[in-house]
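S.K.: Take a look at query36.cif, mmCIF, C-alpha atoms:
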data_structure
#
loop_
_atom_site.label_atom_id
_atom_site.label_comp_id
_atom_site.auth_asym_id
_atom_site.auth_seq_id
_atom_site.Cartn_x
_atom_site.Cartn_y
_atom_site.Cartn_z
CA MET A 1 -20.31 25.74 -27.43
CA LYS A 2 -18.89 22.32 -28.26
CA LYS A 3 -16.00 21.18 -26.04
CA PRO A 4 -12.73 20.16 -27.77
CA ALA A 5 -11.96 16.40 -27.87
CA TYR A 6 -9.01 16.68 -25.47
CA ILE A 7 -11.23 18.47 -22.88
CA LYS A 8 -13.73 15.61 -23.11
CA LYS A 9 -10.93 13.07 -22.60
CA ILE A 10 -9.66 14.94 -19.53
CA ILE A 11 -13.18 15.06 -18.04
CA ILE A 12 -13.66 11.33 -18.68
CA PHE A 13 -10.24 10.56 -17.16
CA LEU A 14 -11.05 12.59 -14.04
CA SER A 15 -14.29 10.64 -13.65
CA ILE A 16 -12.33 7.36 -13.91
CA LEU A 17 -9.49 8.56 -11.63
CA GLY A 18 -9.52 6.89 -8.25
CA PRO A 19 -8.86 3.16 -7.81
CA GLY A 20 -5.30 3.25 -9.24
CA VAL A 21 -4.14 6.42 -7.45
CA ILE A 22 -5.77 5.48 -4.13
CA THR A 23 -4.60 1.86 -4.05
CA ALA A 24 -1.01 2.76 -4.92
CA ASN A 25 -0.78 5.60 -2.40
CA VAL A 26 -2.06 3.51 0.49
CA ASP A 27 1.19 1.57 0.02
CA ASN A 28 2.96 4.48 1.71
CA ASP A 29 1.28 3.70 5.01
CA ALA A 30 2.76 3.73 8.53
CA GLY A 31 4.57 0.43 8.02
CA GLY A 32 5.80 1.49 4.59
CA ILE A 33 7.05 4.88 5.79
CA THR A 34 8.82 3.18 8.70
CA THR A 35 10.40 0.68 6.29
CA TYR A 36 11.58 3.45 3.93
CA SER A 37 12.84 5.56 6.85
CA VAL A 38 14.84 2.69 8.35
CA ALA A 39 16.18 1.76 4.89
CA GLY A 40 17.44 5.31 4.33
CA ALA A 41 18.88 5.71 7.82
CA THR A 42 20.56 2.27 7.81
CA PHE A 43 21.73 1.84 4.21
CA GLY A 44 21.84 5.43 2.97
CA TYR A 45 21.14 5.67 -0.76
CA GLN A 46 22.10 2.02 -1.47
CA MET A 47 18.51 0.76 -1.83
CA LEU A 48 17.21 3.46 -4.19
CA TRP A 49 17.86 1.21 -7.20
CA VAL A 50 15.02 -1.08 -6.02
CA PHE A 51 12.36 1.50 -6.93
CA ILE A 52 12.86 1.37 -10.72
CA PRO A 53 12.05 -2.35 -11.07
CA MET A 54 9.30 -1.89 -8.47
CA ILE A 55 7.61 0.80 -10.61
CA ILE A 56 7.49 -1.64 -13.54
CA ALA A 57 6.37 -4.60 -11.41
CA LEU A 58 3.72 -2.60 -9.51
CA PHE A 59 2.25 -1.20 -12.74
CA VAL A 60 1.98 -4.67 -14.30
CA VAL A 61 0.38 -6.21 -11.20
CA GLN A 62 -2.07 -3.34 -10.59
CA GLU A 63 -3.01 -3.14 -14.27
CA MET A 64 -3.91 -6.84 -14.23
CA GLY A 65 -6.31 -6.23 -11.32
CA VAL A 66 -7.97 -3.29 -13.08
CA ARG A 67 -8.30 -5.31 -16.30
CA MET A 68 -9.85 -8.32 -14.55
CA GLY A 69 -12.31 -6.10 -12.68
CA ALA A 70 -13.31 -4.20 -15.86
CA VAL A 71 -13.70 -7.33 -18.01
CA THR A 72 -15.41 -9.69 -15.53
CA GLY A 73 -17.23 -7.22 -13.24
CA LYS A 74 -16.10 -9.35 -10.28
CA GLY A 75 -13.58 -8.98 -7.46
CA LEU A 76 -10.43 -11.10 -7.20
CA ALA A 77 -11.63 -13.19 -4.23
CA ASP A 78 -14.90 -13.85 -6.07
CA LEU A 79 -13.00 -15.14 -9.14
CA ILE A 80 -10.66 -17.32 -7.04
CA ARG A 81 -13.66 -18.87 -5.22
CA GLU A 82 -15.48 -19.58 -8.49
CA LYS A 83 -12.49 -21.18 -10.21
CA TYR A 84 -10.66 -22.92 -7.35
CA GLY A 85 -13.34 -23.53 -4.73
CA VAL A 86 -14.00 -22.30 -1.20
CA ARG A 87 -11.21 -24.29 0.53
CA LEU A 88 -8.38 -22.66 -1.37
CA ILE A 89 -9.70 -19.13 -0.95
CA LEU A 90 -10.23 -19.78 2.78
CA PHE A 91 -6.57 -20.81 3.10
CA ALA A 92 -5.39 -17.70 1.27
CA MET A 93 -7.90 -15.56 3.17
CA LEU A 94 -6.58 -16.63 6.58
CA GLY A 95 -3.04 -15.44 5.84
CA LEU A 96 -4.24 -12.21 4.25
CA VAL A 97 -6.62 -11.40 7.12
CA LEU A 98 -3.82 -11.85 9.67
CA SER A 99 -1.53 -9.70 7.54
CA SER A 100 -4.23 -7.05 7.14
CA LEU A 101 -4.93 -6.99 10.89
CA GLY A 102 -1.20 -6.56 11.54
CA ASN A 103 -1.14 -3.71 9.02
CA THR A 104 -4.21 -2.06 10.60
CA ILE A 105 -2.51 -2.19 14.02
CA ALA A 106 0.54 -0.61 12.40
CA GLU A 107 -1.61 2.22 10.99
CA PHE A 108 -3.01 3.12 14.39
CA ALA A 109 0.53 2.90 15.76
CA GLY A 110 1.49 5.44 13.10
CA ILE A 111 -1.38 7.71 14.14
CA ALA A 112 -0.30 7.48 17.80
CA ALA A 113 3.38 8.07 16.98
CA SER A 114 2.80 11.04 14.68
CA MET A 115 0.39 12.79 17.04
CA GLU A 116 2.80 12.38 19.97
CA ILE A 117 5.25 14.59 18.05
CA PHE A 118 2.53 17.27 18.17
CA LYS A 119 2.07 16.56 21.95
CA ILE A 120 -1.27 14.76 21.54
CA ASN A 121 -1.64 11.63 23.71
CA LYS A 122 -2.45 8.33 21.94
CA TYR A 123 -5.44 7.78 24.26
CA ILE A 124 -7.02 10.79 22.52
CA SER A 125 -5.65 10.54 18.95
CA VAL A 126 -6.31 6.81 18.39
CA PRO A 127 -10.00 6.63 19.53
CA VAL A 128 -10.86 9.89 17.69
CA SER A 129 -9.15 8.66 14.50
CA ALA A 130 -10.83 5.23 14.75
CA LEU A 131 -14.23 6.90 15.12
CA PHE A 132 -13.53 9.11 12.09
CA VAL A 133 -12.49 6.27 9.75
CA TRP A 134 -15.45 4.16 10.92
CA TRP A 135 -17.88 7.04 10.33
CA LEU A 136 -16.34 7.83 6.92
CA ILE A 137 -16.94 4.32 5.55
CA VAL A 138 -20.15 3.34 7.34
CA LYS A 139 -21.97 6.64 6.77
CA GLY A 140 -20.39 7.64 3.43
CA THR A 141 -21.08 6.83 -0.21
CA TYR A 142 -18.45 5.48 -2.60
CA LYS A 143 -18.11 8.87 -4.38
CA ARG A 144 -17.69 10.80 -1.13
CA VAL A 145 -15.21 8.29 0.29
CA GLU A 146 -13.20 8.32 -2.94
CA ARG A 147 -12.95 12.13 -2.88
CA VAL A 148 -11.60 12.06 0.68
CA PHE A 149 -9.06 9.40 -0.31
CA LEU A 150 -7.90 11.41 -3.35
CA ILE A 151 -7.32 14.47 -1.13
CA ALA A 152 -5.32 12.26 1.27
CA SER A 153 -3.25 11.03 -1.70
CA ALA A 154 -2.37 14.63 -2.64
CA LEU A 155 -1.15 15.35 0.91
CA TYR A 156 1.79 12.96 0.39
CA LEU A 157 3.54 15.92 -1.24
CA SER A 158 4.71 16.83 2.29
CA TYR A 159 7.34 14.06 2.00
CA ILE A 160 8.71 15.46 -1.24
CA ILE A 161 9.11 18.85 0.47
CA SER A 162 10.85 17.17 3.46
CA GLY A 163 13.23 15.39 1.09
CA VAL A 164 14.14 18.62 -0.71
CA MET A 165 14.66 20.44 2.62
CA ALA A 166 17.13 17.72 3.68
CA ASP A 167 19.42 19.00 0.87
CA PRO A 168 20.78 15.64 -0.38
CA PRO A 169 23.64 15.28 -2.91
CA TRP A 170 21.44 14.89 -5.99
CA ASP A 171 24.25 13.47 -8.14
CA VAL A 172 24.68 10.61 -5.64
CA VAL A 173 20.91 10.10 -5.46
CA LEU A 174 20.70 9.81 -9.26
CA LYS A 175 23.68 7.47 -9.47
CA GLU A 176 22.37 5.13 -6.72
CA THR A 177 18.89 5.10 -8.28
CA VAL A 178 20.23 3.59 -11.53
CA THR A 179 23.04 1.44 -10.04
CA PRO A 180 21.96 -1.94 -8.59
CA HIS A 181 23.56 -2.87 -5.27
CA PHE A 182 23.08 -6.27 -3.60
CA GLU A 183 24.37 -7.87 -0.40
CA PHE A 184 23.98 -11.45 0.90
CA ASP A 185 23.22 -10.26 4.41
CA SER A 186 20.13 -11.18 6.47
CA HIS A 187 19.46 -7.53 7.47
CA TYR A 188 19.82 -6.33 3.88
CA LEU A 189 17.58 -9.15 2.58
CA ALA A 190 14.95 -8.50 5.27
CA MET A 191 14.88 -4.82 4.30
CA LEU A 192 14.74 -5.67 0.58
CA ILE A 193 11.77 -8.01 1.11
CA GLY A 194 10.19 -5.38 3.35
CA LEU A 195 10.55 -2.71 0.65
CA VAL A 196 8.99 -4.92 -2.02
CA GLY A 197 6.39 -6.25 0.44
CA THR A 198 5.19 -2.77 1.34
CA THR A 199 5.28 -1.42 -2.23
CA ILE A 200 3.54 -4.43 -3.83
CA ALA A 201 1.29 -5.64 -1.00
CA PRO A 202 -1.07 -8.64 -1.37
CA TRP A 203 -4.18 -6.82 -0.06
CA MET A 204 -3.83 -4.18 -2.81
CA GLN A 205 -4.72 -6.65 -5.54
CA PHE A 206 -8.03 -7.44 -3.84
CA TYR A 207 -8.85 -3.80 -3.09
CA ILE A 208 -8.16 -2.34 -6.55
CA GLN A 209 -10.26 -4.95 -8.32
CA SER A 210 -13.15 -4.52 -5.87
CA ALA A 211 -12.93 -0.71 -6.24
CA VAL A 212 -13.06 -0.98 -10.04
CA VAL A 213 -16.15 -3.20 -9.79
CA GLU A 214 -17.91 -0.96 -7.24
CA LYS A 215 -17.16 2.16 -9.30
CA GLY A 216 -18.71 0.47 -12.34
CA ILE A 217 -15.66 0.79 -14.61
CA SER A 218 -16.22 -1.25 -17.79
CA VAL A 219 -14.02 -2.49 -20.63
CA ASN A 220 -14.81 0.75 -22.51
CA ASP A 221 -13.03 2.74 -19.76
CA TYR A 222 -10.12 0.32 -19.51
CA LYS A 223 -7.48 2.43 -21.32
CA LEU A 224 -8.12 5.44 -19.06
CA SER A 225 -8.02 3.16 -16.01
CA ARG A 226 -4.52 2.08 -17.07
CA LEU A 227 -3.49 5.75 -16.97
CA ASP A 228 -5.01 6.01 -13.48
CA VAL A 229 -2.82 3.07 -12.43
CA LEU A 230 0.29 4.60 -14.02
CA VAL A 231 -0.23 7.96 -12.25
CA GLY A 232 -0.65 6.18 -8.91
CA VAL A 233 2.38 3.93 -9.38
CA ILE A 234 4.72 6.81 -10.28
CA MET A 235 3.36 8.98 -7.47
CA VAL A 236 3.78 6.35 -4.75
CA ASN A 237 7.34 5.47 -5.76
CA VAL A 238 8.47 9.09 -6.07
CA VAL A 239 7.17 9.77 -2.55
CA ALA A 240 8.92 6.63 -1.23
CA ILE A 241 12.20 7.69 -2.88
CA PHE A 242 12.01 11.09 -1.16
CA ILE A 243 11.42 9.43 2.23
CA VAL A 244 14.56 7.31 1.76
CA VAL A 245 16.49 10.36 0.53
CA ALA A 246 15.40 12.54 3.48
CA CYS A 247 16.58 9.95 5.99
CA ALA A 248 19.77 9.09 4.09
CA ALA A 249 20.79 12.76 3.75
CA THR A 250 20.31 13.46 7.46
CA LEU A 251 20.21 10.38 9.70
CA HIS A 252 22.57 8.04 7.79
CA LYS A 253 24.99 10.90 7.12
CA ASN A 254 25.19 11.62 10.87
CA GLY A 255 25.26 7.97 11.95
CA ILE A 256 21.86 8.15 13.69
CA ALA A 257 20.08 4.79 13.98
CA ILE A 258 16.28 4.73 14.09
CA GLU A 259 13.59 2.11 14.57
CA SER A 260 10.51 4.01 13.42
CA ALA A 261 9.16 6.86 11.31
CA GLN A 262 8.50 8.74 14.56
CA ASP A 263 12.24 8.52 15.36
CA ALA A 264 12.95 9.83 11.87
CA ALA A 265 10.60 12.81 12.25
CA SER A 266 12.08 13.72 15.65
CA ALA A 267 15.69 13.31 14.49
CA LEU A 268 15.09 15.48 11.42
CA MET A 269 14.42 18.59 13.55
CA PRO A 270 18.03 19.46 14.48
CA LEU A 271 19.36 18.24 11.13
CA ALA A 272 16.90 19.58 8.56
CA GLY A 273 14.85 22.09 10.55
CA ARG A 274 11.51 22.19 12.36
CA TRP A 275 9.41 22.42 9.20
CA ALA A 276 11.02 19.33 7.64
CA SER A 277 10.41 17.44 10.89
CA GLU A 278 6.77 18.52 11.22
CA LEU A 279 6.00 17.89 7.56
CA PHE A 280 7.44 14.37 7.97
CA ALA A 281 5.23 13.82 11.06
CA PHE A 282 2.16 15.24 9.30
CA GLY A 283 2.82 12.92 6.35
CA LEU A 284 2.95 9.96 8.74
CA PHE A 285 -0.39 10.94 10.32
CA ASN A 286 -2.07 11.43 6.93
CA ALA A 287 -0.72 8.12 5.62
CA SER A 288 -1.73 6.22 8.75
CA LEU A 289 -5.27 7.63 8.83
CA PHE A 290 -5.67 6.98 5.08
CA ALA A 291 -4.48 3.37 5.35
CA ALA A 292 -6.46 2.72 8.56
CA SER A 293 -9.56 3.38 6.43
CA ILE A 294 -8.50 1.31 3.40
CA LEU A 295 -6.93 -1.81 4.93
CA PRO A 296 -10.00 -2.96 6.91
CA LEU A 297 -12.09 -2.06 3.85
CA SER A 298 -9.97 -4.28 1.59
CA THR A 299 -10.31 -7.15 4.09
CA ALA A 300 -14.08 -6.71 4.30
CA TYR A 301 -14.26 -6.81 0.48
CA LEU A 302 -12.05 -9.93 0.42
CA ILE A 303 -14.06 -11.93 2.99
CA CYS A 304 -17.47 -10.98 1.59
CA GLU A 305 -16.44 -11.86 -1.96
CA ALA A 306 -14.80 -15.11 -0.84
CA LEU A 307 -17.86 -16.27 1.10
CA GLY A 308 -20.52 -14.81 -1.19
CA PHE A 309 -21.87 -12.08 1.12
CA GLU A 310 -23.08 -8.67 -0.05
CA GLY A 311 -20.45 -5.93 0.31
CA GLY A 312 -19.64 -2.38 -0.76
CA VAL A 313 -19.55 1.18 0.53
CA ASP A 314 -22.69 2.08 -1.44
CA LYS A 315 -24.65 -0.65 0.36
CA THR A 316 -26.51 0.13 3.59
CA TRP A 317 -25.84 -1.71 6.87
CA GLU A 318 -29.12 -3.63 6.37
CA GLU A 319 -28.06 -4.70 2.85
CA ALA A 320 -24.48 -5.72 3.82
CA PRO A 321 -24.34 -6.40 7.57
CA VAL A 322 -21.39 -8.84 7.35
CA PHE A 323 -19.35 -6.31 5.36
CA TYR A 324 -19.88 -3.52 7.92
CA TRP A 325 -19.48 -5.74 11.00
CA LEU A 326 -16.14 -6.98 9.62
CA TYR A 327 -15.00 -3.42 8.98
CA THR A 328 -16.08 -2.36 12.48
CA PHE A 329 -14.33 -5.35 14.08
CA LEU A 330 -11.02 -4.65 12.32
CA VAL A 331 -11.06 -0.93 13.13
CA VAL A 332 -11.97 -1.49 16.80
CA THR A 333 -9.43 -4.34 17.19
CA GLY A 334 -6.63 -2.43 15.47
CA ALA A 335 -7.22 0.70 17.53
CA GLY A 336 -7.80 -1.24 20.77
CA ILE A 337 -4.53 -3.20 20.57
CA ILE A 338 -2.53 0.03 20.15
CA LEU A 339 -3.93 1.31 23.44
CA ILE A 340 -2.32 -1.62 25.31
CA PRO A 341 0.61 -0.17 27.34
CA ASP A 342 4.20 -1.16 26.40
CA LEU A 343 3.19 -2.96 23.20
CA PRO A 344 6.24 -3.73 20.97
CA LEU A 345 5.02 -1.71 17.98
CA ILE A 346 8.17 -1.62 15.85
CA PRO A 347 8.51 -5.40 15.32
CA ILE A 348 4.80 -5.50 14.35
CA MET A 349 5.28 -2.70 11.81
CA ILE A 350 8.47 -4.04 10.21
CA TRP A 351 7.63 -7.75 10.12
CA THR A 352 4.12 -7.16 8.80
CA GLN A 353 5.82 -5.82 5.66
CA VAL A 354 8.00 -8.93 5.46
CA ILE A 355 4.89 -11.14 5.79
CA ASN A 356 3.39 -9.17 2.89
CA GLY A 357 6.45 -10.05 0.82
CA ALA A 358 6.07 -13.73 1.68
CA LEU A 359 2.32 -13.80 0.85
CA LEU A 360 2.66 -11.89 -2.42
CA PRO A 361 3.72 -14.86 -4.65
CA LEU A 362 0.58 -16.80 -3.67
CA VAL A 363 -1.67 -13.92 -4.72
CA LEU A 364 0.29 -13.33 -7.95
CA ILE A 365 0.03 -17.01 -8.94
CA PHE A 366 -3.77 -16.85 -8.52
CA MET A 367 -3.89 -13.63 -10.59
CA LEU A 368 -1.69 -15.00 -13.37
CA ASN A 369 -3.75 -18.15 -13.71
CA LEU A 370 -6.98 -16.17 -13.86
CA ILE A 371 -5.84 -13.44 -16.25
CA ASN A 372 -4.45 -15.99 -18.74
CA ASP A 373 -7.77 -17.90 -18.81
CA ARG A 374 -9.29 -17.13 -22.23
CA ASP A 375 -12.70 -18.44 -21.14
CA LEU A 376 -12.70 -15.74 -18.46
CA MET A 377 -10.83 -12.87 -20.14
CA GLY A 378 -11.36 -13.42 -23.87
CA ASP A 379 -9.04 -11.15 -25.85
CA TYR A 380 -7.90 -9.38 -22.67
CA VAL A 381 -5.48 -12.09 -21.50
CA ASN A 382 -1.91 -11.06 -20.62
CA SER A 383 0.65 -10.28 -23.29
CA ARG A 384 3.98 -12.15 -23.20
CA ALA A 385 5.72 -9.05 -21.81
CA PHE A 386 3.23 -8.73 -18.94
CA ASN A 387 3.51 -12.43 -18.14
CA LEU A 388 7.31 -12.18 -18.11
CA VAL A 389 7.37 -9.25 -15.65
CA ALA A 390 4.70 -10.80 -13.40
CA TRP A 391 6.38 -14.23 -13.28
CA VAL A 392 9.82 -12.70 -12.68
CA THR A 393 8.35 -10.68 -9.78
CA THR A 394 6.80 -13.86 -8.34
CA VAL A 395 10.01 -15.91 -8.65
CA ILE A 396 12.15 -13.11 -7.15
CA MET A 397 9.84 -12.79 -4.12
CA ILE A 398 9.95 -16.55 -3.52
CA ALA A 399 13.77 -16.51 -3.79
CA LEU A 400 14.18 -13.50 -1.47
CA THR A 401 11.88 -15.04 1.14
CA ALA A 402 13.77 -18.35 0.97
CA PHE A 403 17.11 -16.49 1.41
CA LEU A 404 15.75 -14.67 4.47
CA VAL A 405 14.54 -17.90 6.13
CA ILE A 406 17.82 -19.72 5.43
CA MET A 407 19.98 -16.82 6.69
CA SER A 408 17.81 -16.46 9.81
CA ILE A 409 18.40 -20.15 10.64
CA PHE A 410 22.05 -20.19 9.55
CA PRO A 411 23.33 -16.60 10.09
#
What do you get writing this file as structure tokens?
M.R.:
Amino acid sequence: MKKPAYIKKIIIFLSILGPGVITANVDNDAGGITTYSVAGATFGYQMLWVFIPMIIALFVVQEMGVRMGAVTGKGLADLIREKYGVRLILFAMLGLVLSSLGNTIAEFAGIAASMEIFKINKYISVPVSALFVWWLIVKGTYKRVERVFLIASALYLSYIISGVMADPPWDVVLKETVTPHFEFDSHYLAMLIGLVGTTIAPWMQFYIQSAVVEKGISVNDYKLSRLDVLVGVIMVNVVAIFIVVACAATLHKNGIAIESAQDAASALMPLAGRWASELFAFGLFNASLFAASILPLSTAYLICEALGFEGGVDKTWEEAPVFYWLYTFLVVTGAGIILIPDLPLIPIMIWTQVINGALLPLVLIFMLNLINDRDLMGDYVNSRAFNLVAWVTTVIMIALTAFLVIMSIFP
């Protein structure tokens, strides 16, 4: 029996599904969840308006990465090296590797923090988790790894449930989501840059393009890949909104200050109930484990592409030794640092997001120059609307970072 056309389209879409949903959802990692939690607890619902422009900006940026990967068959670092030379990509690579290492440390901090809520010591949870993520990538195939990541993406629903259980005033939530609110205050600006930095992170642009190339997505699949990106972008921002709402409805309402997502999960118990608290903690563990797999992977892709080494999850260790040694080094280093007693984890987690915000314009400028190159992209160069949104995002990030630096020096 012949299948209807719409059934065929759904099957094709499900086969394409992956890079967009996975890349977007990794945004809600330990550092991101901490940033959203602190934003909700500190500023209540005031920062919800940020998510609408971020949905638009994130879609435009991620779509550009998918399009470049589908059209050229090459990763972003590979294209930057070919067009601008090794020196420039090495400069960009240094900042991004440091940022990625900081993020990886933050993920293992999230694993430790979330498991401590369930009475599991970090000296057990962190090594076991590090071994799992290492085994998953080194011993897995791209298809198997992608399936695990898609399951992890679905588990973010726990945050939506936590947000509903917090019983927020939905009329206020809706009003604040569509009403811009801005303050010239260093704490507010730092949080704003952190929110944008964790939602539109520099490493994402390298990972999504590399994933598209490794999955073998071509120009023929490009329209369905855009839908994959859209689903991921909406999903990640809805989850982030519910994290802010859960903390605003409970912690901010009761004047409880927090410094981490672990604080948020613990404080939710007497205010929203045990299940809301444990779902929040489970979400943190899932997000941290998910991101602890992806972030070192994105860095390994970036370095191998930049320096011309073989890389990819479908390659064996013998075929891509540099790729796997880099991944192993980042996982072991990230997990090992977290096991150091009395490490100041919270500043690492928060300021890593701010560094992401500061690095983002550099990556966007590279992307915009590449995607508007007709010799490279042919008819698939950016439209005027896409260029406008991307350039506005770049200029805003530069301005916000400059404000933060100035207000830090002259409070």
S.K.: Hey, can you check how far CA of Pro202 (chain A) sits from CA of Leu360 (chain A)?
M.R.: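 Separating CA of Pro202 (chain A) from CA of Leu360 (chain A) is a distance of 5.1 Å.
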S.K.: Using only C-alpha atoms, determine which residues lie at most 7 Å from region 148-161 of chain A, disregarding the query and same-chain residues fewer than 2 positions distant; provide the list as a list in words.
M.R.: Gly18, Ile22, Asn25, Arg144, Val145, Glu146, Gly163, Val164, Met165, Val239, Phe242, Ile243, Leu279, Phe280, Gly283, Asn286 and Phe290 of chain A
S.K.: Within 10 Å of (12.4, 6.2, 7.2) in the file's own coordinates, which protein, DNA or RNA residues have an atom, counting only C-alpha atoms? List them as a ChimeraX atom specification.
M.R.: /A:31-42,240,242-248,251,258-265,280
S.K.: Report the distance between CA of Gly69 (chain A) and CA of Val236 (chain A) in Å, rounded to one decimal place.
M.R.: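 Between CA of Gly69 (chain A) and CA of Val236 (chain A) the gap is 21.8 Å.
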S.K.: Looking at all atoms listed in the file, which of A:Ala77, A:Ala399, A:Leu289, A:Asn254 is the one that sits closest to Ala92 (chain A)?
M.R.: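 The closest residue to Ala92 (chain A) is A:Ala77.
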S.K.: Any chance you could resolve the PyMOL selection byres ((chain A and resi 62-67) around 7) against this file and give the residues as a list in words?
M.R.: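 Matching residues under the PyMOL selection byres ((chain A and resi 62-67) around 7) are Leu58, Phe59, Val60, Val61, Met68, Gly69, Ala70, Val71, Gln205, Ile208, Gln209, Val212, Tyr222, Arg226 and Val229 of chain A.
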